[in-house]
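Participant: For reference, this is data37.cif, and it has mmCIF, C-alpha atoms and all ligand atoms.
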```
data_entry
#
loop_
_atom_site.label_atom_id
_atom_site.label_comp_id
_atom_site.auth_asym_id
_atom_site.auth_seq_id
_atom_site.Cartn_x
_atom_site.Cartn_y
_atom_site.Cartn_z
CA MET A 1 0.00 0.00 0.00
CA ALA A 2 2.85 2.27 0.93
CA THR A 3 4.52 1.54 -2.44
CA PHE A 4 1.30 2.31 -4.31
CA ARG A 5 1.00 5.67 -2.58
CA PHE A 6 4.59 6.54 -3.45
CA VAL A 7 4.01 5.75 -7.13
CA GLY A 8 0.82 7.76 -7.09
CA VAL A 9 2.52 10.81 -5.62
CA SER A 10 5.39 10.46 -8.09
CA LEU A 11 3.04 10.34 -11.06
CA LEU A 12 1.24 13.38 -9.76
CA LEU A 13 4.53 15.22 -9.42
CA VAL A 14 5.54 14.29 -12.97
CA ILE A 15 2.21 15.50 -14.30
CA GLN A 16 2.52 18.77 -12.38
CA ILE A 17 6.09 19.34 -13.56
CA ARG A 18 5.15 18.62 -17.18
CA THR A 19 2.18 20.93 -16.97
CA ALA A 20 4.33 23.68 -15.54
CA PHE A 21 6.99 23.14 -18.21
CA GLY A 22 4.38 23.08 -20.94
CA ASP A 23 2.87 26.34 -19.74
CA GLU A 24 6.27 27.94 -19.60
CA THR A 25 7.14 26.76 -23.10
CA ALA A 26 3.85 27.96 -24.52
CA GLY A 27 4.27 31.32 -22.83
CA SER A 28 7.86 31.81 -23.88
CA PHE A 29 6.91 33.03 -27.36
CA GLU A 30 5.74 36.57 -27.29
CA GLN A 31 4.55 37.56 -30.76
CA PRO A 32 6.36 40.77 -31.71
CA ARG A 33 4.11 43.60 -32.83
CA TYR A 34 4.57 46.56 -35.10
CA THR A 35 2.33 49.44 -36.12
CA ILE A 36 2.52 50.28 -39.82
CA TYR A 37 1.99 54.00 -40.21
CA ARG A 38 0.89 55.69 -43.40
CA ALA A 39 3.58 57.28 -45.49
CA VAL A 40 3.40 61.03 -45.00
CA ALA A 41 4.55 61.67 -48.57
CA PRO A 42 5.36 59.63 -51.68
CA VAL A 43 8.16 57.11 -51.31
CA MET A 44 10.69 57.03 -54.13
CA ILE A 45 11.96 53.47 -54.59
CA ASP A 46 15.63 54.20 -55.14
CA GLY A 47 17.39 52.42 -52.29
CA GLN A 48 17.81 55.69 -50.37
CA LEU A 49 15.81 55.93 -47.15
CA ASP A 50 15.95 59.72 -46.99
CA GLU A 51 12.19 60.34 -47.20
CA ASP A 52 10.51 61.94 -44.20
CA ALA A 53 8.17 58.94 -44.14
CA TRP A 54 11.03 56.53 -43.45
CA GLN A 55 12.55 58.83 -40.86
CA ALA A 56 9.23 58.84 -39.03
CA ALA A 57 8.59 55.08 -39.17
CA PRO A 58 9.35 52.97 -36.09
CA VAL A 59 12.48 50.82 -36.44
CA ILE A 60 12.54 47.05 -36.04
CA GLU A 61 15.97 46.23 -34.71
CA ASP A 62 15.62 43.13 -32.57
CA PHE A 63 16.47 40.50 -35.16
CA HIS A 64 16.95 37.01 -33.67
CA PHE A 65 19.70 34.64 -34.76
CA THR A 66 17.40 31.71 -34.20
CA TRP A 67 19.79 28.92 -35.21
CA TYR A 68 23.08 30.60 -34.33
CA GLU A 69 26.16 28.38 -34.14
CA SER A 70 29.18 30.60 -34.74
CA GLY A 71 30.38 33.66 -36.64
CA VAL A 72 29.54 37.33 -36.65
CA LYS A 73 26.00 38.41 -35.80
CA GLU A 74 25.61 41.19 -38.36
CA THR A 75 22.76 43.49 -37.43
CA SER A 76 19.72 44.45 -39.46
CA THR A 77 17.13 47.16 -39.07
CA ALA A 78 13.82 47.41 -40.91
CA ARG A 79 10.84 49.72 -41.27
CA ILE A 80 7.43 49.24 -42.86
CA LEU A 81 4.99 51.83 -44.24
CA TRP A 82 1.83 51.81 -46.32
CA ASP A 83 -0.39 53.96 -48.47
CA ASP A 84 -3.46 53.18 -50.55
CA THR A 85 -1.39 51.41 -53.19
CA TYR A 86 1.65 49.84 -51.60
CA LEU A 87 3.08 48.04 -48.63
CA TYR A 88 6.60 49.43 -48.28
CA VAL A 89 9.48 47.55 -46.66
CA ALA A 90 12.93 49.01 -46.10
CA HIS A 91 15.92 47.48 -44.41
CA VAL A 92 19.56 48.18 -43.69
CA CYS A 93 21.86 45.16 -43.29
CA GLU A 94 25.29 45.62 -41.76
CA ASP A 95 27.45 43.28 -43.83
CA ALA A 96 31.22 42.91 -44.11
CA TRP A 97 30.90 40.50 -47.06
CA ILE A 98 28.12 41.40 -49.47
CA ALA A 99 27.22 38.84 -52.12
CA ALA A 100 24.66 39.26 -54.91
CA ARG A 101 24.79 37.69 -58.36
CA CYS A 102 21.22 36.77 -59.25
CA ARG A 103 19.51 39.23 -61.58
CA GLU A 104 16.54 37.22 -62.83
CA HIS A 105 13.10 36.76 -61.38
CA ASP A 106 12.67 33.49 -59.45
CA GLY A 107 16.41 32.79 -59.80
CA PRO A 108 18.80 31.61 -57.06
CA VAL A 109 18.37 34.70 -54.88
CA ALA A 110 18.72 32.54 -51.77
CA ARG A 111 22.40 31.98 -52.53
CA ASP A 112 22.97 35.72 -52.27
CA ASP A 113 22.76 37.94 -49.26
CA CYS A 114 19.01 38.25 -49.22
CA PHE A 115 16.12 39.62 -47.24
CA GLU A 116 12.56 38.40 -47.18
CA VAL A 117 9.10 39.41 -46.15
CA MET A 118 6.63 36.67 -45.37
CA LEU A 119 3.06 37.78 -44.94
CA ALA A 120 -0.26 36.21 -44.06
CA PRO A 121 -2.85 38.88 -44.95
CA ASP A 122 -5.69 37.32 -42.97
CA VAL A 123 -5.01 36.53 -39.31
CA GLU A 124 -8.02 34.19 -39.37
CA GLN A 125 -6.14 32.06 -41.91
CA PRO A 126 -2.57 32.24 -40.62
CA ASN A 127 -1.39 29.33 -42.77
CA VAL A 128 -2.22 31.14 -46.00
CA TYR A 129 0.89 33.13 -46.66
CA PHE A 130 3.13 34.68 -49.28
CA ASN A 131 6.86 35.30 -49.39
CA ILE A 132 8.97 37.69 -51.43
CA GLU A 133 12.74 37.48 -51.13
CA TRP A 134 15.23 39.84 -52.78
CA ASN A 135 18.88 40.75 -53.06
CA VAL A 136 20.60 44.12 -53.31
CA LEU A 137 20.47 43.96 -57.13
CA GLY A 138 16.68 44.02 -56.99
CA ALA A 139 16.14 40.42 -58.14
CA TRP A 140 13.40 38.61 -56.30
CA VAL A 141 11.70 35.27 -55.75
CA ASP A 142 8.01 35.15 -54.90
CA ASN A 143 5.89 32.25 -53.72
CA HIS A 144 2.47 31.60 -52.29
CA ARG A 145 1.58 28.86 -49.82
CA PRO A 146 -2.20 28.55 -49.90
CA HIS A 147 -2.22 25.46 -47.67
CA GLY A 148 0.49 26.13 -45.13
CA PRO A 149 4.17 25.26 -45.01
CA LYS A 150 3.85 21.47 -45.08
CA GLN A 151 2.58 21.13 -48.62
CA PRO A 152 5.31 19.57 -50.72
CA LYS A 153 5.77 22.44 -53.12
CA ALA A 154 5.24 26.15 -53.15
CA HIS A 155 2.44 27.35 -55.38
CA ARG A 156 3.63 29.30 -58.40
CA TRP A 157 2.81 32.91 -57.84
CA ASP A 158 4.17 36.02 -59.51
CA ALA A 159 3.57 39.21 -57.61
CA GLU A 160 2.68 42.07 -59.91
CA GLY A 161 4.02 45.58 -59.79
CA VAL A 162 6.74 44.98 -57.18
CA LYS A 163 9.44 47.65 -57.12
CA ILE A 164 12.80 46.98 -55.46
CA ALA A 165 15.91 49.15 -55.37
CA GLY A 166 19.11 48.50 -53.46
CA THR A 167 22.29 50.36 -52.62
CA TYR A 168 25.45 49.18 -50.88
CA GLU A 169 28.64 50.45 -49.36
CA GLY A 170 31.51 48.15 -50.16
CA SER A 171 32.51 45.77 -52.94
CA LEU A 172 30.08 43.22 -54.28
CA ASN A 173 31.17 39.57 -54.48
CA ASP A 174 34.68 40.32 -53.31
CA ASP A 175 35.21 38.94 -49.84
CA THR A 176 38.90 39.86 -49.71
CA ASP A 177 37.94 43.24 -48.27
CA ARG A 178 35.41 44.42 -45.69
CA ASP A 179 32.13 45.96 -46.75
CA VAL A 180 29.82 48.12 -44.66
CA ARG A 181 26.14 47.60 -45.40
CA TRP A 182 23.44 47.14 -48.00
CA THR A 183 20.04 48.75 -48.09
CA CYS A 184 16.86 47.94 -49.97
CA GLU A 185 13.62 49.77 -50.46
CA VAL A 186 10.64 47.72 -51.63
CA ALA A 187 7.07 48.53 -52.70
CA ILE A 188 4.52 45.70 -52.97
CA PRO A 189 1.09 46.54 -54.43
CA PHE A 190 -1.78 45.53 -52.17
CA THR A 191 -3.70 44.32 -55.23
CA ASN A 192 -1.57 41.16 -55.05
CA PHE A 193 -3.52 40.19 -51.94
CA THR A 194 -7.04 40.91 -53.12
CA GLY A 195 -9.24 38.05 -51.98
CA PHE A 196 -6.76 37.08 -49.26
CA ALA A 197 -6.73 40.21 -47.11
CA GLN A 198 -9.86 41.42 -45.35
CA HIS A 199 -9.63 44.66 -47.28
CA THR A 200 -7.47 45.82 -50.17
CA PRO A 201 -5.99 48.25 -49.42
CA PRO A 202 -6.17 47.56 -45.69
CA ARG A 203 -8.41 49.63 -43.48
CA PRO A 204 -6.96 51.27 -40.40
CA GLY A 205 -6.95 48.71 -37.61
CA ASP A 206 -6.59 45.70 -39.92
CA ALA A 207 -3.93 43.25 -38.79
CA TRP A 208 -1.74 40.85 -40.76
CA ASN A 209 0.81 38.31 -39.64
CA LEU A 210 4.24 39.05 -41.05
CA ASN A 211 7.86 38.13 -40.65
CA LEU A 212 11.16 39.50 -41.89
CA ASN A 213 14.05 37.14 -42.59
CA ARG A 214 17.66 37.56 -43.62
CA HIS A 215 20.19 34.99 -44.72
CA GLY A 216 22.68 33.99 -47.41
CA GLY A 217 26.02 35.17 -48.68
CA ASP A 218 29.33 33.44 -49.34
CA THR A 219 31.14 34.33 -46.11
CA ASN A 220 29.61 34.26 -42.63
CA LEU A 221 26.27 32.82 -43.68
CA GLN A 222 23.78 33.51 -40.91
CA TYR A 223 20.04 33.27 -40.41
CA SER A 224 18.28 36.08 -38.62
CA GLN A 225 14.67 37.10 -38.37
CA TRP A 226 12.28 39.47 -36.64
CA SER A 227 10.00 36.87 -35.06
CA PRO A 228 11.92 33.73 -34.08
CA ALA A 229 10.85 30.37 -35.51
CA ASP A 230 10.71 27.22 -33.38
CA THR A 231 12.24 24.61 -35.68
CA PRO A 232 15.42 22.71 -34.72
CA ARG A 233 16.93 23.39 -38.16
CA PRO A 234 16.79 26.63 -40.14
CA SER A 235 13.37 27.14 -41.69
CA PHE A 236 11.57 30.43 -42.13
CA HIS A 237 8.34 28.63 -43.05
CA THR A 238 6.73 28.85 -39.63
CA PRO A 239 3.65 31.04 -40.10
CA HIS A 240 2.45 30.24 -36.59
CA ARG A 241 5.45 32.23 -35.37
CA PHE A 242 5.09 35.31 -37.55
CA GLY A 243 4.86 38.71 -35.89
CA ARG A 244 1.71 40.82 -35.92
CA VAL A 245 1.46 44.12 -37.78
CA THR A 246 -1.43 46.55 -37.57
CA PHE A 247 -2.19 49.23 -40.14
CA SER A 248 -2.67 52.70 -38.73
CA ASP A 249 -4.06 55.73 -40.56
CA LYS A 250 -1.83 57.94 -38.50
CA MET A 251 1.22 59.65 -39.89
CA ARG A 252 4.10 60.19 -37.56
CA CA B 301 13.72 56.30 -51.28
CA CA B 302 26.96 38.90 -46.34
CA CA B 303 33.20 42.87 -50.46
#
```
Represent the supplied structure as structure tokens.
Ligand SMILES: [Ca+2]
Ligand SMILES: [Ca+2]
Ligand SMILES: [Ca+2]

Facilitator:
Amino acid sequence: MATFRFVGVSLLLVIQIRTAFGDETAGSFEQPRYTIYRAVAPVMIDGQLDEDAWQAAPVIEDFHFTWYESGVKETSTARILWDDTYLYVAHVCEDAWIAARCREHDGPVARDDCFEVMLAPDVEQPNVYFNIEWNVLGAWVDNHRPHGPKQPKAHRWDAEGVKIAGTYEGSLNDDTDRDVRWTCEVAIPFTNFTGFAQHTPPRPGDAWNLNLNRHGGDTNLQYSQWSPADTPRPSFHTPHRFGRVTFSDKMR
């Protein structure tokens, strides 16, 4: 009888510990949030972030090196804006070794230093998402996952009207020296998400799930992202871990 009681108490303890651990694990992910303000004036897509609108936009600077093993953690900053036509994304990537060779649409951009926006335009359908990934030369890859990340193949999707411009300080594809940074300015027409977003263009207060990812390059290849994924190996395709952005009609 005494043995039975001991086992019973032990099982109870195990259950309590597991419950506590599970709660802690579930609570450890805090979805990052960002307010997308309206651009106060037109944004010229030229790779220069000198518009007043960019200066006024909040800065995302807490990029996570989710699968870090070794090497230099090069920092990134990003900002997002919108107007009635476009979602704008801008980023600055500190980079001592900038690589970019791909110039064609849907080419091997992922081998270059590249930056990506993943977006799920309807928070009620978080597994329905899109990704656009570009390099400093303005080449991009675009894909649509209408059934979540586990489908075997990305659905062919060509975003229309995307504008990308990049600038860099340093030497491209020459890792014998040290570069400084590369910057891109991107405009994505909202019409690409008609039928997927609640409203196109969004209405103030609308929310999307979104993530920003960076990786690639020849030297010091790293993976970093705004909202950290939860996979053991590098994979940005974790829409359940995207951040949350809310469109505001305010101008800062
Ligand atoms: Ca500009
Ligand atoms: Ca690099
Ligand atoms: Ca270089």

Participant: Determine, counting only C-alpha atoms, which protein, DNA and RNA residues have an atom within 8 Å of an atom of stretch 205-213 of chain A; residues of the same chain fewer than 4 positions away are not included. Present the result as a PDB file with C-alpha atoms, in the coordinates of the input.

Facilitator:
```
ATOM      1  CA  PHE A 115      16.120  39.620 -47.240  1.00  0.00           C
ATOM      2  CA  GLU A 116      12.560  38.400 -47.180  1.00  0.00           C
ATOM      3  CA  VAL A 117       9.100  39.410 -46.150  1.00  0.00           C
ATOM      4  CA  MET A 118       6.630  36.670 -45.370  1.00  0.00           C
ATOM      5  CA  LEU A 119       3.060  37.780 -44.940  1.00  0.00           C
ATOM      6  CA  ALA A 120      -0.260  36.210 -44.060  1.00  0.00           C
ATOM      7  CA  PRO A 121      -2.850  38.880 -44.950  1.00  0.00           C
ATOM      8  CA  ASP A 122      -5.690  37.320 -42.970  1.00  0.00           C
ATOM      9  CA  VAL A 123      -5.010  36.530 -39.310  1.00  0.00           C
ATOM     10  CA  PRO A 126      -2.570  32.240 -40.620  1.00  0.00           C
ATOM     11  CA  GLN A 198      -9.860  41.420 -45.350  1.00  0.00           C
ATOM     12  CA  TYR A 223      20.040  33.270 -40.410  1.00  0.00           C
ATOM     13  CA  SER A 224      18.280  36.080 -38.620  1.00  0.00           C
ATOM     14  CA  GLN A 225      14.670  37.100 -38.370  1.00  0.00           C
ATOM     15  CA  TRP A 226      12.280  39.470 -36.640  1.00  0.00           C
ATOM     16  CA  SER A 227      10.000  36.870 -35.060  1.00  0.00           C
ATOM     17  CA  PHE A 236      11.570  30.430 -42.130  1.00  0.00           C
ATOM     18  CA  PRO A 239       3.650  31.040 -40.100  1.00  0.00           C
ATOM     19  CA  PHE A 242       5.090  35.310 -37.550  1.00  0.00           C
ATOM     20  CA  GLY A 243       4.860  38.710 -35.890  1.00  0.00           C
ATOM     21  CA  ARG A 244       1.710  40.820 -35.920  1.00  0.00           C
ATOM     22  CA  VAL A 245       1.460  44.120 -37.780  1.00  0.00           C
ATOM     23  CA  THR A 246      -1.430  46.550 -37.570  1.00  0.00           C
ATOM     24  CA  PHE A 247      -2.190  49.230 -40.140  1.00  0.00           C
ATOM     25  CA  SER A 248      -2.670  52.700 -38.730  1.00  0.00           C
TER      26      SER A 248
END
```

Participant: Report as JSON lines the residues of chain A within 8 Å of ligand CA 303 (chain B), each with its shortest atom pair and distance in Å (one decimal), using only C-alpha atoms and all ligand atoms, ordered by chain and increasing residue number.

Facilitator:
```
{"residue": "A:Ala96", "atom": "CA", "partner": "B:CA303", "partner_atom": "CA", "distance": 6.7}
{"residue": "A:Trp97", "atom": "CA", "partner": "B:CA303", "partner_atom": "CA", "distance": 4.7}
{"residue": "A:Ile98", "atom": "CA", "partner": "B:CA303", "partner_atom": "CA", "distance": 5.4}
{"residue": "A:Ala99", "atom": "CA", "partner": "B:CA303", "partner_atom": "CA", "distance": 7.4}
{"residue": "A:Gly170", "atom": "CA", "partner": "B:CA303", "partner_atom": "CA", "distance": 5.6}
{"residue": "A:Ser171", "atom": "CA", "partner": "B:CA303", "partner_atom": "CA", "distance": 3.9}
{"residue": "A:Leu172", "atom": "CA", "partner": "B:CA303", "partner_atom": "CA", "distance": 4.9}
{"residue": "A:Asn173", "atom": "CA", "partner": "B:CA303", "partner_atom": "CA", "distance": 5.6}
{"residue": "A:Asp174", "atom": "CA", "partner": "B:CA303", "partner_atom": "CA", "distance": 4.1}
{"residue": "A:Asp175", "atom": "CA", "partner": "B:CA303", "partner_atom": "CA", "distance": 4.5}
{"residue": "A:Thr176", "atom": "CA", "partner": "B:CA303", "partner_atom": "CA", "distance": 6.5}
{"residue": "A:Asp177", "atom": "CA", "partner": "B:CA303", "partner_atom": "CA", "distance": 5.2}
{"residue": "A:Arg178", "atom": "CA", "partner": "B:CA303", "partner_atom": "CA", "distance": 5.5}
{"residue": "A:Asp179", "atom": "CA", "partner": "B:CA303", "partner_atom": "CA", "distance": 4.9}
```

Participant: Rounded to one decimal, what separation in Å do you get between atom CA of A:Phe63 and atom CA of A:Ile36?

Facilitator: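 Going from atom CA of A:Phe63 over to atom CA of A:Ile36 covers 17.7 Å.
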
Participant: Output as a Markdown table one row per residue of chain A within 9 Å of ligand CA 302 (chain B): the closest atom pair and its distance in Å to one decimal place, counting all atoms listed in the file, sorted by chain and residue number ascending.

Facilitator:
```
| residue | atom | partner | partner_atom | distance |
| --- | --- | --- | --- | --- |
| A:Glu74 | CA | B:CA302 | CA | 8.4 |
| A:Cys93 | CA | B:CA302 | CA | 8.6 |
| A:Glu94 | CA | B:CA302 | CA | 8.3 |
| A:Asp95 | CA | B:CA302 | CA | 5.1 |
| A:Ala96 | CA | B:CA302 | CA | 6.3 |
| A:Trp97 | CA | B:CA302 | CA | 4.3 |
| A:Ile98 | CA | B:CA302 | CA | 4.2 |
| A:Ala99 | CA | B:CA302 | CA | 5.8 |
| A:Ala100 | CA | B:CA302 | CA | 8.9 |
| A:Asp112 | CA | B:CA302 | CA | 7.8 |
| A:Asp113 | CA | B:CA302 | CA | 5.2 |
| A:Cys114 | CA | B:CA302 | CA | 8.5 |
| A:Asp175 | CA | B:CA302 | CA | 9.0 |
| A:Asp179 | CA | B:CA302 | CA | 8.8 |
| A:Arg181 | CA | B:CA302 | CA | 8.8 |
| A:His215 | CA | B:CA302 | CA | 8.0 |
| A:Gly216 | CA | B:CA302 | CA | 6.6 |
| A:Gly217 | CA | B:CA302 | CA | 4.5 |
| A:Asp218 | CA | B:CA302 | CA | 6.7 |
| A:Thr219 | CA | B:CA302 | CA | 6.2 |
| A:Asn220 | CA | B:CA302 | CA | 6.5 |
| A:Leu221 | CA | B:CA302 | CA | 6.7 |
| A:Gln222 | CA | B:CA302 | CA | 8.3 |
```

Participant: Could you save those same residues with C-alpha atoms as a compact mmCIF listing (two decimals), in the frame of the given file?

Facilitator:
```
# COMPACT_ATOMS: atom_id res chain seq x y z
CA GLU A 74 25.61 41.19 -38.36
CA CYS A 93 21.86 45.16 -43.29
CA GLU A 94 25.29 45.62 -41.76
CA ASP A 95 27.45 43.28 -43.83
CA ALA A 96 31.22 42.91 -44.11
CA TRP A 97 30.90 40.50 -47.06
CA ILE A 98 28.12 41.40 -49.47
CA ALA A 99 27.22 38.84 -52.12
CA ALA A 100 24.66 39.26 -54.91
CA ASP A 112 22.97 35.72 -52.27
CA ASP A 113 22.76 37.94 -49.26
CA CYS A 114 19.01 38.25 -49.22
CA ASP A 175 35.21 38.94 -49.84
CA ASP A 179 32.13 45.96 -46.75
CA ARG A 181 26.14 47.60 -45.40
CA HIS A 215 20.19 34.99 -44.72
CA GLY A 216 22.68 33.99 -47.41
CA GLY A 217 26.02 35.17 -48.68
CA ASP A 218 29.33 33.44 -49.34
CA THR A 219 31.14 34.33 -46.11
CA ASN A 220 29.61 34.26 -42.63
CA LEU A 221 26.27 32.82 -43.68
CA GLN A 222 23.78 33.51 -40.91
```

Participant: Which protein, DNA or RNA residues have an atom within 6 Å of ligand CA 301 (chain B), counting all atoms listed in the file, as a ChimeraX atom specification?

Facilitator: /A:43-51

Participant: Give me, as a PyMOL selection string, all polymer residues having an atom no more than 7 Å from A:Cys184, counting all atoms listed in the file and skipping those fewer than 3 positions away in the same chain.

Facilitator: chain A and resi 47+90-92+136+164-167

Participant: Just want the 8 Å neighbourhood of stretch 140-157 of chain A, counted on all atoms listed in the file, with same-chain residues fewer than 5 positions away dropped. Output as a PyMOL selection string.

Facilitator: chain A and resi 104-107+109+127-135+237-239

Participant: Record the distance separating atom CA of A:Met251 and atom CA of A:Ala41, expressed in Å with one decimal.

Facilitator: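 Taking atom CA of A:Met251 and atom CA of A:Ala41, their separation equals 9.5 Å.
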
Participant: Rounded to one decimal in Å, what is the spacing between atom CA of A:Glu169 and atom CA of A:Trp182?

Facilitator: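 Calculated distance between atom CA of A:Glu169 and atom CA of A:Trp182 is 6.3 Å.
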
Participant: Point out the residue among A:Arg103, A:Arg233, A:Arg33, A:His240 with the least atom-to-atom distance to A:Trp67, counting only C-alpha atoms.

Facilitator: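 The answer is A:Arg233, which sits nearest to A:Trp67.
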
Participant: I need the residue nearest A:Ser76 from this list: A:Thr183, A:Thr200, A:Thr231, A:Asn192. Use all atoms listed in the file for the distance.

Facilitator: A:Thr183

Participant: Could you check the closest approach to A:Ala53 for each of A:Val180, A:Ala229, A:Ile80, A:Val72 and tell me which residue wins, using all atoms listed in the file?

Facilitator: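 Among the listed residues, A:Ile80 lies closest to A:Ala53.
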
Participant: What would the list of residues within 6 Å of (-0.6, 58.1, -39.9) (file frame) look like as a VMD selection string, if all atoms listed in the file are what count?

Facilitator: chain A and resid 37 to 38 248 to 252

Participant: Counting only C-alpha atoms, which of A:Asp230, A:Tyr168, A:Trp54, A:Glu160 gets nearest to A:Thr194?

Facilitator: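 For A:Thr194, the nearest of the candidates is A:Glu160.
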
Participant: Some atoms are absent from stretch 236-243 of chain A, so rebuild all heavy atoms and return them as an mmCIF file, keeping the file's coordinate frame.

Facilitator:
```cif
data_model
loop_
_atom_site.group_PDB
_atom_site.id
_atom_site.type_symbol
_atom_site.label_atom_id
_atom_site.label_comp_id
_atom_site.auth_asym_id
_atom_site.auth_seq_id
_atom_site.Cartn_x
_atom_site.Cartn_y
_atom_site.Cartn_z
ATOM 1 N N PHE A 236 12.364 29.218 -42.358
ATOM 2 C CA PHE A 236 11.570 30.430 -42.130
ATOM 3 C C PHE A 236 10.076 30.154 -42.295
ATOM 4 O O PHE A 236 9.251 31.023 -42.030
ATOM 5 C CB PHE A 236 11.994 31.518 -43.120
ATOM 6 C CG PHE A 236 13.396 32.032 -42.899
ATOM 7 C CD1 PHE A 236 14.247 32.273 -43.972
ATOM 8 C CD2 PHE A 236 13.868 32.293 -41.622
ATOM 9 C CE1 PHE A 236 15.532 32.760 -43.773
ATOM 10 C CE2 PHE A 236 15.152 32.777 -41.409
ATOM 11 C CZ PHE A 236 15.980 33.013 -42.486
ATOM 12 N N HIS A 237 9.750 28.943 -42.746
ATOM 13 C CA HIS A 237 8.340 28.630 -43.050
ATOM 14 C C HIS A 237 7.589 28.191 -41.791
ATOM 15 O O HIS A 237 7.201 27.039 -41.643
ATOM 16 C CB HIS A 237 8.266 27.580 -44.160
ATOM 17 C CG HIS A 237 8.684 28.131 -45.482
ATOM 18 N ND1 HIS A 237 7.798 28.719 -46.363
ATOM 19 C CD2 HIS A 237 9.909 28.243 -46.059
ATOM 20 C CE1 HIS A 237 8.446 29.141 -47.436
ATOM 21 N NE2 HIS A 237 9.736 28.867 -47.274
ATOM 22 N N THR A 238 7.429 29.116 -40.900
ATOM 23 C CA THR A 238 6.730 28.850 -39.630
ATOM 24 C C THR A 238 5.695 29.954 -39.411
ATOM 25 O O THR A 238 5.876 30.813 -38.548
ATOM 26 C CB THR A 238 7.735 28.824 -38.455
ATOM 27 O OG1 THR A 238 8.497 30.046 -38.493
ATOM 28 C CG2 THR A 238 8.691 27.654 -38.566
ATOM 29 N N PRO A 239 4.616 29.926 -40.191
ATOM 30 C CA PRO A 239 3.650 31.040 -40.100
ATOM 31 C C PRO A 239 3.002 31.187 -38.728
ATOM 32 O O PRO A 239 2.538 32.286 -38.401
ATOM 33 C CB PRO A 239 2.611 30.693 -41.187
ATOM 34 C CG PRO A 239 2.806 29.246 -41.484
ATOM 35 C CD PRO A 239 4.253 28.950 -41.243
ATOM 36 N N HIS A 240 3.002 30.110 -37.939
ATOM 37 C CA HIS A 240 2.450 30.240 -36.590
ATOM 38 C C HIS A 240 3.350 31.066 -35.676
ATOM 39 O O HIS A 240 2.971 31.386 -34.553
ATOM 40 C CB HIS A 240 2.212 28.844 -35.974
ATOM 41 C CG HIS A 240 3.478 28.065 -35.752
ATOM 42 N ND1 HIS A 240 4.217 27.555 -36.788
ATOM 43 C CD2 HIS A 240 4.139 27.754 -34.612
ATOM 44 C CE1 HIS A 240 5.282 26.934 -36.291
ATOM 45 N NE2 HIS A 240 5.264 27.049 -34.971
ATOM 46 N N ARG A 241 4.532 31.406 -36.168
ATOM 47 C CA ARG A 241 5.450 32.230 -35.370
ATOM 48 C C ARG A 241 5.682 33.609 -35.981
ATOM 49 O O ARG A 241 6.586 34.321 -35.548
ATOM 50 C CB ARG A 241 6.794 31.502 -35.234
ATOM 51 C CG ARG A 241 6.699 30.135 -34.598
ATOM 52 C CD ARG A 241 6.629 30.208 -33.107
ATOM 53 N NE ARG A 241 7.884 30.652 -32.529
ATOM 54 C CZ ARG A 241 8.278 30.389 -31.283
ATOM 55 N NH1 ARG A 241 7.493 29.684 -30.479
ATOM 56 N NH2 ARG A 241 9.419 30.828 -30.823
ATOM 57 N N PHE A 242 4.923 33.979 -36.982
ATOM 58 C CA PHE A 242 5.090 35.310 -37.550
ATOM 59 C C PHE A 242 4.734 36.379 -36.513
ATOM 60 O O PHE A 242 3.966 36.128 -35.587
ATOM 61 C CB PHE A 242 4.174 35.513 -38.760
ATOM 62 C CG PHE A 242 4.568 34.751 -40.008
ATOM 63 C CD1 PHE A 242 5.676 33.918 -40.039
ATOM 64 C CD2 PHE A 242 3.809 34.876 -41.169
ATOM 65 C CE1 PHE A 242 6.027 33.226 -41.193
ATOM 66 C CE2 PHE A 242 4.154 34.182 -42.330
ATOM 67 C CZ PHE A 242 5.257 33.357 -42.342
ATOM 68 N N GLY A 243 5.253 37.576 -36.716
ATOM 69 C CA GLY A 243 4.860 38.710 -35.890
ATOM 70 C C GLY A 243 3.504 39.244 -36.336
ATOM 71 O O GLY A 243 2.908 38.764 -37.304
#
```
